[in-house]
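Inspection log for the structure reproduced underneath, given as structure tokens.
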Amino acid sequence: MNLVTITNEINVYLWSVALIVLCMGVATLLSVRMRFFQVRLAKDMLTLLLGGKSSENGISSFQGFAMALGGRIGIGAIAGVATAICFGGPGAVFWMWVYAFLGAGSAFAESVLAQTWKEEINGEYRGGPAYYIEKGTGIKAMAVVFAIAATIANALTGPTIQAFNIAESVHNTFGISTLVTGLALAALTGFVIFGGMKRIGRTAEYIVPFMAIGYILLALIILAVNYKNVPGMFALIFKSAFHMEAVYGAIWGQAIIWGVKRGVYSSEAGMGSGAQASAAAEVSHPAKQGLAQSFSVYVDTIFVCGATAVMILCTGMYNVQGADGTFIVENLPGVAAGSAYTQAAIDSLLPGFGSIFLVLAIFFFAFTTLMSFGFYADCNVAYLFKKSPKLKEIQIAVKLILVAMIIFGSVRTSTVAWNFADIGVGFCSWINLIGLILLQKPAVKILKDYERQKKLGLDPVFDPAECGIKNADLWHDIVKRRYSDLLEKKKSVMKNQNGDKDIAS
């Protein structure tokens with residue numbers, strides 16, 4: 001049995017329907033337990049997204065949001081959505097949006113937990129699943145396995161996949177050597193990630209909104225040009241999602257599976273990646289960053305992936321394959337599922353522009369993912385070696401490896417590399433989802449504490465003891481250094497509310 005076969009078998013188990021069900025189950029559980037804050041606190045999500053400032057130890061809420069969003073929006077937003085439509089029909093888009101709504105619950109919980117149990121390492125905030133699993137559950141072995149898997153996925157296997165897609169698209173469109181593209185991409189990525197958390201945050205802050213808005217605007221233009229098809233398109237999405245469209249009846253189950261799967265892969269809600277960016281943000285209360293990060297799931301899956309879906313569907317540039325392998329719909333004979341659908345949709349508006357636009361989109365989507373990989377790898381290396389006097393040297397070495405893998409991946413890719421990347425992310429997902437189940441109570445308590453303070457007219461400030469949370473000692477120092485004025489106002493309000501009874505500082 002060769003390595004390809006072995007890694008394929010591992011992926012079959014890791015990425016089974018069970019993982020999709022677990023993702024959906026955890027997202028639904030958390031959303032219900034937090035009384036669908038996605039609706040109740042929608043205004044706070046937007047307000048907190050744009051507020052906040054960075055510090056010498058952390059980045060702003062928006063930078064943390066942009067960094068996590070950059071990691072979420074990958075090439076799957078282009079090719080993955082098209083594949084879901086091909087094998088699940090138009091109804092898959094509806095279930096993708098359903099997961100985005102519920103997945104915001106998972107994104108909130110993991111971001112809040114990352115903020116709660118973050119650490120200050122070499123003067124900068126670091127956190128994520130490895131940190132909160134160890135401190136929150138006490139199961140260090142599970143945390144270590146997560147950190148190792150995340151380091152491998154972000155520094156070794158993941159970069160090769162992103163680099164290959166950029167280099168191949170540039171070569172196919174402009175004829176530029178994949179090695180030349182790889183060297184340029186490696187230099188650009190290295191410049192950003194070696195600048196540390198602050199430079200990654202600032203770069204993401206400028207690039208991510210630009211690329212997301214540009215992509216969505218193009219979709220809106222295509223919708224406007226094809227406005228007569230829009231009502232029928234949305235009707236088709238909903239009818240196909242609920243087994244009301246006869247032609248898609250045979251693949252109705254696949255619509256749910258492919259839709260949720262695309263939502264899981266795209267949003268990464270519950271996988272723990274965005275939590276690492278969340279921990280780096282400077283906020284006075286963990287729930288603030290949790291609410292801001294929840295919105296990134298909407299931007300990625302509802303808006304960006306949704307943009308791909310509506311471009312393809314309203315122009316009719318797609319095929320749908322039945323369970324027996326024959327095509328139920330074949331509008332593009334001989335065209336394989338993937339980015340070619342999106343290209344055809346754009347070409348229907350601007351002939352010949354589709355391939356050029358896709359190169360730009362793939363570059364920006366994959367490059368921002370590479371930036372996030374650099375930070376995520378750094379977070380997990382910091383967790384594994386935080387007590388080592390050689391931590392900085394180890395972090396530099398891992399970044400050099402990441403840059404080298406970009407060059408390697410640009411000129412060569414393999415099934416094994418793709419499989420190893422999926423295995424790493426799969427392990428991380430299982431571990432993090434189990435961690436979220438075990439730590440759901442602290443996440444719910446922190447949200448309640450935030451809402452309680454808001455009702456009193458306060459700008460919430462976090463005290464772990466009031467929520468019954470242990471091992472979050474850094475927060476006492478954070479509040480004392482940066483939010484002492486908010487703490488004093490909170491004490492005053494609480495004292496007035498409770499008469500002469502003082503609250504603990």
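Ordered as shown in the structure tokens, chains take letters A, B, and onward, while each chain numbers its residues from 1 and ligands are numbered from 1 in the order shown.
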Check: Just asking: which residues within range 242-429 of chain A are helix (DSSP H, G or I) according to DSSP, as a PyMOL selection string?
Finding: chain A and resi 246-267+273-279+286-315+339-347+354-385+391-411+415-429
Can you spit out the residues from that selection as a CSV table (one decimal), in the first residue's frame, using C-alpha atoms?
```csv
chain,number,residue,atom,x,y,z
A,246,ALA,CA,-38.7,17.5,-9.8
A,247,VAL,CA,-35.6,17.5,-11.9
A,248,TYR,CA,-33.4,17.7,-8.8
A,249,GLY,CA,-35.4,15.3,-6.7
A,250,ALA,CA,-33.0,12.4,-7.1
A,251,ILE,CA,-30.1,14.4,-5.6
A,252,TRP,CA,-32.0,16.3,-2.9
A,253,GLY,CA,-29.9,14.6,-0.2
A,254,GLN,CA,-26.7,15.5,-2.0
A,255,ALA,CA,-27.9,19.2,-2.0
A,256,ILE,CA,-27.8,19.1,1.8
A,257,ILE,CA,-24.5,17.3,2.1
A,258,TRP,CA,-22.7,19.4,-0.5
A,259,GLY,CA,-24.2,22.6,0.8
A,260,VAL,CA,-23.2,22.0,4.4
A,261,LYS,CA,-19.8,20.6,3.4
A,262,ARG,CA,-19.1,23.8,1.3
A,263,GLY,CA,-20.3,25.9,4.2
A,264,VAL,CA,-18.0,24.1,6.6
A,265,TYR,CA,-14.9,24.2,4.3
A,266,SER,CA,-15.4,27.8,3.4
A,267,SER,CA,-16.3,29.4,6.7
A,273,SER,CA,-8.4,28.7,12.5
A,274,GLY,CA,-10.1,32.0,13.0
A,275,ALA,CA,-9.8,31.7,16.7
A,276,GLN,CA,-6.0,32.2,16.5
A,277,ALA,CA,-6.5,35.6,14.8
A,278,SER,CA,-9.2,36.5,17.4
A,279,ALA,CA,-6.8,36.0,20.3
A,286,PRO,CA,-13.9,38.5,24.9
A,287,ALA,CA,-17.5,38.7,23.6
A,288,LYS,CA,-16.6,41.8,21.6
A,289,GLN,CA,-14.2,39.9,19.4
A,290,GLY,CA,-16.5,36.9,19.3
A,291,LEU,CA,-19.2,39.1,17.8
A,292,ALA,CA,-16.9,40.7,15.3
A,293,GLN,CA,-15.5,37.4,14.2
A,294,SER,CA,-19.0,35.9,13.8
A,295,PHE,CA,-19.6,38.4,11.0
A,296,SER,CA,-16.6,37.2,9.1
A,297,VAL,CA,-18.5,33.9,8.5
A,298,TYR,CA,-21.3,35.8,6.9
A,299,VAL,CA,-18.9,37.8,4.7
A,300,ASP,CA,-17.1,34.7,3.5
A,301,THR,CA,-19.9,32.2,3.0
A,302,ILE,CA,-23.1,34.3,2.4
A,303,PHE,CA,-21.5,37.2,0.5
A,304,VAL,CA,-18.3,36.0,-1.2
A,305,CYS,CA,-19.3,32.3,-1.8
A,306,GLY,CA,-22.8,33.6,-2.5
A,307,ALA,CA,-21.4,35.9,-5.1
A,308,THR,CA,-19.8,33.0,-7.0
A,309,ALA,CA,-23.1,31.0,-6.7
A,310,VAL,CA,-25.3,33.8,-8.1
A,311,MET,CA,-22.9,34.6,-10.9
A,312,ILE,CA,-23.0,31.0,-12.0
A,313,LEU,CA,-26.7,30.4,-11.6
A,314,CYS,CA,-28.2,33.6,-13.0
A,315,THR,CA,-26.1,33.2,-16.2
A,339,SER,CA,-13.5,27.6,-11.6
A,340,ALA,CA,-14.4,27.2,-15.3
A,341,TYR,CA,-18.0,27.8,-14.3
A,342,THR,CA,-17.2,31.1,-12.7
A,343,GLN,CA,-15.0,32.1,-15.7
A,344,ALA,CA,-17.8,31.3,-18.1
A,345,ALA,CA,-20.2,33.4,-16.0
A,346,ILE,CA,-17.9,36.4,-16.1
A,347,ASP,CA,-17.2,35.9,-19.8
A,354,GLY,CA,-13.1,35.9,-17.1
A,355,SER,CA,-9.7,34.2,-17.1
A,356,ILE,CA,-7.9,37.5,-16.2
A,357,PHE,CA,-10.3,38.3,-13.4
A,358,LEU,CA,-10.0,34.8,-12.0
A,359,VAL,CA,-6.2,35.1,-11.9
A,360,LEU,CA,-6.5,38.2,-9.9
A,361,ALA,CA,-9.1,36.7,-7.6
A,362,ILE,CA,-7.1,33.5,-7.1
A,363,PHE,CA,-4.0,35.5,-6.3
A,364,PHE,CA,-5.6,37.7,-3.7
A,365,PHE,CA,-7.7,34.9,-2.1
A,366,ALA,CA,-4.7,32.6,-1.9
A,367,PHE,CA,-2.2,35.2,-0.9
A,368,THR,CA,-4.3,36.4,2.1
A,369,THR,CA,-4.6,32.7,3.1
A,370,LEU,CA,-0.8,32.4,3.0
A,371,MET,CA,-0.5,35.4,5.3
A,372,SER,CA,-2.9,33.9,7.7
A,373,PHE,CA,-1.0,30.6,7.5
A,374,GLY,CA,2.1,32.4,8.7
A,375,PHE,CA,0.4,33.8,11.7
A,376,TYR,CA,-1.4,30.6,12.6
A,377,ALA,CA,1.8,28.5,12.4
A,378,ASP,CA,3.5,31.1,14.6
A,379,CYS,CA,0.7,30.8,17.2
A,380,ASN,CA,1.0,27.0,17.5
A,381,VAL,CA,4.8,27.1,17.5
A,382,ALA,CA,4.6,29.6,20.3
A,383,TYR,CA,2.4,27.2,22.2
A,384,LEU,CA,4.6,24.2,21.7
A,385,PHE,CA,7.9,26.0,22.6
A,391,LEU,CA,11.5,30.2,20.7
A,392,LYS,CA,12.3,33.1,18.4
A,393,GLU,CA,14.9,31.1,16.5
A,394,ILE,CA,12.4,28.2,16.1
A,395,GLN,CA,9.7,30.7,14.9
A,396,ILE,CA,12.1,32.1,12.3
A,397,ALA,CA,13.0,28.6,11.1
A,398,VAL,CA,9.3,27.7,10.7
A,399,LYS,CA,8.6,30.9,8.7
A,400,LEU,CA,11.6,30.0,6.4
A,401,ILE,CA,10.2,26.6,5.9
A,402,LEU,CA,6.8,28.1,5.0
A,403,VAL,CA,8.5,30.4,2.4
A,404,ALA,CA,10.4,27.4,1.0
A,405,MET,CA,7.2,25.4,0.7
A,406,ILE,CA,5.7,28.2,-1.4
A,407,ILE,CA,8.5,27.9,-3.9
A,408,PHE,CA,8.3,24.1,-3.9
A,409,GLY,CA,4.5,24.1,-4.3
A,410,SER,CA,4.6,26.6,-7.2
A,411,VAL,CA,6.6,24.2,-9.4
A,415,THR,CA,-2.0,14.1,-4.5
A,416,VAL,CA,0.0,13.3,-1.3
A,417,ALA,CA,0.5,17.0,-0.6
A,418,TRP,CA,-3.3,17.6,-1.0
A,419,ASN,CA,-4.0,14.6,1.2
A,420,PHE,CA,-1.6,15.7,4.0
A,421,ALA,CA,-3.1,19.2,4.0
A,422,ASP,CA,-6.6,17.7,4.4
A,423,ILE,CA,-5.4,15.4,7.1
A,424,GLY,CA,-3.9,18.2,9.1
A,425,VAL,CA,-7.1,20.4,8.9
A,426,GLY,CA,-9.2,17.3,9.6
A,427,PHE,CA,-7.4,16.5,12.8
A,428,CYS,CA,-7.7,20.1,13.9
A,429,SER,CA,-11.4,20.2,13.2
```
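Taking CA of Leu30 in chain A and CA of Gly435 in chain A as endpoints, the distance between them is 12.6 Å.
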Checklist line | Coordinates-based distance that separates CA of Met271 in chain A from CA of Arg72 in chain A (Å, one decimal) | finding: 10.6 Å
Notebook entry, point to check: Near Asn331 in chain A, within 7 Å and counting only C-alpha atoms, which residues show up once chain neighbours fewer than 3 positions away are dropped, as a ChimeraX atom specification?
Noted result: /A:316-319
Check: What's the 9 Å shell around Leu458 in chain A, counting only C-alpha atoms, without same-chain residues fewer than 4 positions away, as number ranges by chain?
Finding: A: 452-454, 486, 489-490, 493
Next item on the list: Name the residues of range 240-453 of chain A that fall into strand (DSSP E or B) according to DSSP on the backbone, using the chain letters and numbers of this document, as JSON, numbers by chain.
Entry: {"A": [281, 319, 320, 321, 327, 328, 329, 330]}
With N, CA and C atoms retained, export the selected residues as a PDB file, in the first residue's frame.
```
ATOM      1  N   ALA A 281      -6.401  40.095  19.049  1.00  0.00           N
ATOM      2  CA  ALA A 281      -7.055  41.405  19.091  1.00  0.00           C
ATOM      3  C   ALA A 281      -7.037  42.011  20.489  1.00  0.00           C
ATOM      4  N   ASN A 319     -23.254  22.904 -14.885  1.00  0.00           N
ATOM      5  CA  ASN A 319     -23.794  21.575 -15.140  1.00  0.00           C
ATOM      6  C   ASN A 319     -24.195  20.981 -13.799  1.00  0.00           C
ATOM      7  N   VAL A 320     -25.128  20.054 -13.800  1.00  0.00           N
ATOM      8  CA  VAL A 320     -25.507  19.331 -12.583  1.00  0.00           C
ATOM      9  C   VAL A 320     -25.482  17.842 -12.899  1.00  0.00           C
ATOM     10  N   GLN A 321     -24.706  17.120 -12.109  1.00  0.00           N
ATOM     11  CA  GLN A 321     -24.522  15.692 -12.346  1.00  0.00           C
ATOM     12  C   GLN A 321     -25.392  14.874 -11.403  1.00  0.00           C
ATOM     13  N   PHE A 327     -25.629  13.659 -16.632  1.00  0.00           N
ATOM     14  CA  PHE A 327     -25.942  15.046 -16.318  1.00  0.00           C
ATOM     15  C   PHE A 327     -27.448  15.304 -16.347  1.00  0.00           C
ATOM     16  N   ILE A 328     -27.933  15.877 -15.257  1.00  0.00           N
ATOM     17  CA  ILE A 328     -29.331  16.314 -15.185  1.00  0.00           C
ATOM     18  C   ILE A 328     -29.477  17.613 -15.968  1.00  0.00           C
ATOM     19  N   VAL A 329     -28.473  18.485 -15.782  1.00  0.00           N
ATOM     20  CA  VAL A 329     -28.390  19.751 -16.517  1.00  0.00           C
ATOM     21  C   VAL A 329     -26.994  19.825 -17.117  1.00  0.00           C
ATOM     22  N   GLU A 330     -26.898  20.162 -18.383  1.00  0.00           N
ATOM     23  CA  GLU A 330     -25.588  20.268 -19.029  1.00  0.00           C
ATOM     24  C   GLU A 330     -25.575  21.496 -19.924  1.00  0.00           C
TER      25      GLU A 330
END
```
Check: range 226-240 of chain A: which residues within 6 Å, counting only C-alpha atoms, same-chain residues fewer than 4 positions away excluded, as JSON, numbers by chain?
Finding: {"A": [90, 91, 244, 245, 314]}
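The space between CA of Phe353 in chain A and CA of Val225 in chain A spans 16.0 Å.
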Next item on the list: Skip Met34 in chain A itself and residues of its chain fewer than 5 positions away, then list as a list in words all residues within 10 Å of it, counting only C-alpha atoms.
Entry: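 In the requested form, the answer reads Thr28, Leu29, Arg40, Gly105, Phe108, Ala109, Gln440, Ala443, Val444, Lys445, Leu447 and Lys448 of chain A.
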Using the selection just defined, write its residues with C-alpha atoms as a PDB file, in the first residue's frame.
```pdb
ATOM      1  CA  THR A  28     -26.804  24.411  16.106  1.00  0.00           C
ATOM      2  CA  LEU A  29     -26.200  23.567  19.778  1.00  0.00           C
ATOM      3  CA  ARG A  40     -30.431  39.548  18.653  1.00  0.00           C
ATOM      4  CA  GLY A 105     -22.335  30.295  16.760  1.00  0.00           C
ATOM      5  CA  PHE A 108     -18.313  33.142  18.274  1.00  0.00           C
ATOM      6  CA  ALA A 109     -17.542  30.419  20.802  1.00  0.00           C
ATOM      7  CA  GLN A 440     -19.698  25.493  25.768  1.00  0.00           C
ATOM      8  CA  ALA A 443     -18.702  30.596  26.197  1.00  0.00           C
ATOM      9  CA  VAL A 444     -22.370  30.983  27.177  1.00  0.00           C
ATOM     10  CA  LYS A 445     -21.441  32.569  30.542  1.00  0.00           C
ATOM     11  CA  LEU A 447     -21.931  36.142  26.422  1.00  0.00           C
ATOM     12  CA  LYS A 448     -24.384  36.538  29.328  1.00  0.00           C
TER      13      LYS A 448
END
```
Checklist line | Spatial neighbours of Ala280 in chain A, 10 Å, only C-alpha atoms, chain gap at least 6 places, as a list in words | finding: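 These residues fall inside the cut-off: Ser54, Asn57, Gly58, Ile59, Ser60, Ser61, Gln63, Gly64, Met67, Ala114, Gln115, Lys118, Glu119, Glu120, Glu124, Tyr125, Arg126, Gly127, Gly128, Met197, Lys198, Gly201, Gln289, Phe375 and Cys379 of chain A.
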May I have the selected residues written with N, CA and C atoms, as an mmCIF file, in the first residue's frame?
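The result, stored in part-v2.cif:
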```
data_model
loop_
_atom_site.group_PDB
_atom_site.id
_atom_site.type_symbol
_atom_site.label_atom_id
_atom_site.label_comp_id
_atom_site.auth_asym_id
_atom_site.auth_seq_id
_atom_site.Cartn_x
_atom_site.Cartn_y
_atom_site.Cartn_z
ATOM 1 N N SER A 54 -5.617 49.070 18.108
ATOM 2 C CA SER A 54 -4.535 48.132 18.390
ATOM 3 C C SER A 54 -3.714 48.651 19.573
ATOM 4 N N ASN A 57 0.666 45.181 22.263
ATOM 5 C CA ASN A 57 0.541 43.739 22.468
ATOM 6 C C ASN A 57 -0.415 43.061 21.494
ATOM 7 N N GLY A 58 -1.349 43.829 20.949
ATOM 8 C CA GLY A 58 -2.373 43.220 20.103
ATOM 9 C C GLY A 58 -2.771 44.101 18.938
ATOM 10 N N ILE A 59 -3.561 43.512 18.043
ATOM 11 C CA ILE A 59 -4.061 44.224 16.875
ATOM 12 C C ILE A 59 -5.493 44.668 17.135
ATOM 13 N N SER A 60 -6.054 45.489 16.249
ATOM 14 C CA SER A 60 -7.421 45.964 16.430
ATOM 15 C C SER A 60 -8.426 44.851 16.094
ATOM 16 N N SER A 61 -9.679 45.052 16.521
ATOM 17 C CA SER A 61 -10.726 44.073 16.231
ATOM 18 C C SER A 61 -10.875 43.877 14.730
ATOM 19 N N GLN A 63 -8.614 44.376 12.374
ATOM 20 C CA GLN A 63 -7.462 43.668 11.828
ATOM 21 C C GLN A 63 -7.564 42.171 12.107
ATOM 22 N N GLY A 64 -8.026 41.816 13.327
ATOM 23 C CA GLY A 64 -8.240 40.414 13.653
ATOM 24 C C GLY A 64 -9.303 39.798 12.767
ATOM 25 N N MET A 67 -7.794 39.421 9.250
ATOM 26 C CA MET A 67 -6.836 38.323 9.207
ATOM 27 C C MET A 67 -7.559 36.977 9.132
ATOM 28 N N ALA A 114 -10.723 31.762 22.709
ATOM 29 C CA ALA A 114 -9.346 32.141 22.372
ATOM 30 C C ALA A 114 -8.948 33.431 23.071
ATOM 31 N N GLN A 115 -9.874 34.385 23.136
ATOM 32 C CA GLN A 115 -9.623 35.633 23.857
ATOM 33 C C GLN A 115 -9.485 35.389 25.354
ATOM 34 N N LYS A 118 -6.062 33.514 26.207
ATOM 35 C CA LYS A 118 -4.875 33.894 25.437
ATOM 36 C C LYS A 118 -3.702 34.132 26.388
ATOM 37 N N GLU A 119 -2.508 34.174 25.832
ATOM 38 C CA GLU A 119 -1.297 34.434 26.607
ATOM 39 C C GLU A 119 -0.507 35.556 25.945
ATOM 40 N N GLU A 120 0.362 36.145 26.718
ATOM 41 C CA GLU A 120 1.271 37.154 26.186
ATOM 42 C C GLU A 120 2.639 36.518 26.073
ATOM 43 N N GLU A 124 3.516 39.832 22.751
ATOM 44 C CA GLU A 124 2.367 39.826 21.841
ATOM 45 C C GLU A 124 1.359 38.764 22.275
ATOM 46 N N TYR A 125 0.083 39.050 22.008
ATOM 47 C CA TYR A 125 -0.966 38.098 22.345
ATOM 48 C C TYR A 125 -0.920 36.900 21.405
ATOM 49 N N ARG A 126 -1.057 35.726 21.997
ATOM 50 C CA ARG A 126 -1.151 34.490 21.241
ATOM 51 C C ARG A 126 -2.243 33.625 21.871
ATOM 52 N N GLY A 127 -2.971 32.912 21.044
ATOM 53 C CA GLY A 127 -4.025 32.062 21.566
ATOM 54 C C GLY A 127 -4.618 31.205 20.479
ATOM 55 N N GLY A 128 -5.651 30.464 20.814
ATOM 56 C CA GLY A 128 -6.291 29.580 19.856
ATOM 57 C C GLY A 128 -6.688 28.288 20.524
ATOM 58 N N MET A 197 3.095 39.963 13.663
ATOM 59 C CA MET A 197 1.645 40.079 13.778
ATOM 60 C C MET A 197 1.125 41.425 13.296
ATOM 61 N N LYS A 198 1.805 42.504 13.643
ATOM 62 C CA LYS A 198 1.321 43.840 13.286
ATOM 63 C C LYS A 198 1.299 44.042 11.762
ATOM 64 N N GLY A 201 -1.476 41.973 10.253
ATOM 65 C CA GLY A 201 -2.759 42.608 10.534
ATOM 66 C C GLY A 201 -3.018 43.819 9.650
ATOM 67 N N GLN A 289 -14.820 40.497 20.545
ATOM 68 C CA GLN A 289 -14.158 39.915 19.388
ATOM 69 C C GLN A 289 -14.948 38.735 18.846
ATOM 70 N N PHE A 375 0.731 33.423 10.345
ATOM 71 C CA PHE A 375 0.400 33.781 11.728
ATOM 72 C C PHE A 375 -0.095 32.572 12.506
ATOM 73 N N CYS A 379 1.477 30.991 15.990
ATOM 74 C CA CYS A 379 0.722 30.809 17.243
ATOM 75 C C CYS A 379 0.937 29.418 17.829
#
```
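Minimum distance to Asp473 in chain A across A:Thr5, A:Trp117, A:Pro351, A:Met211 (counting only C-alpha atoms) occurs at A:Trp117.
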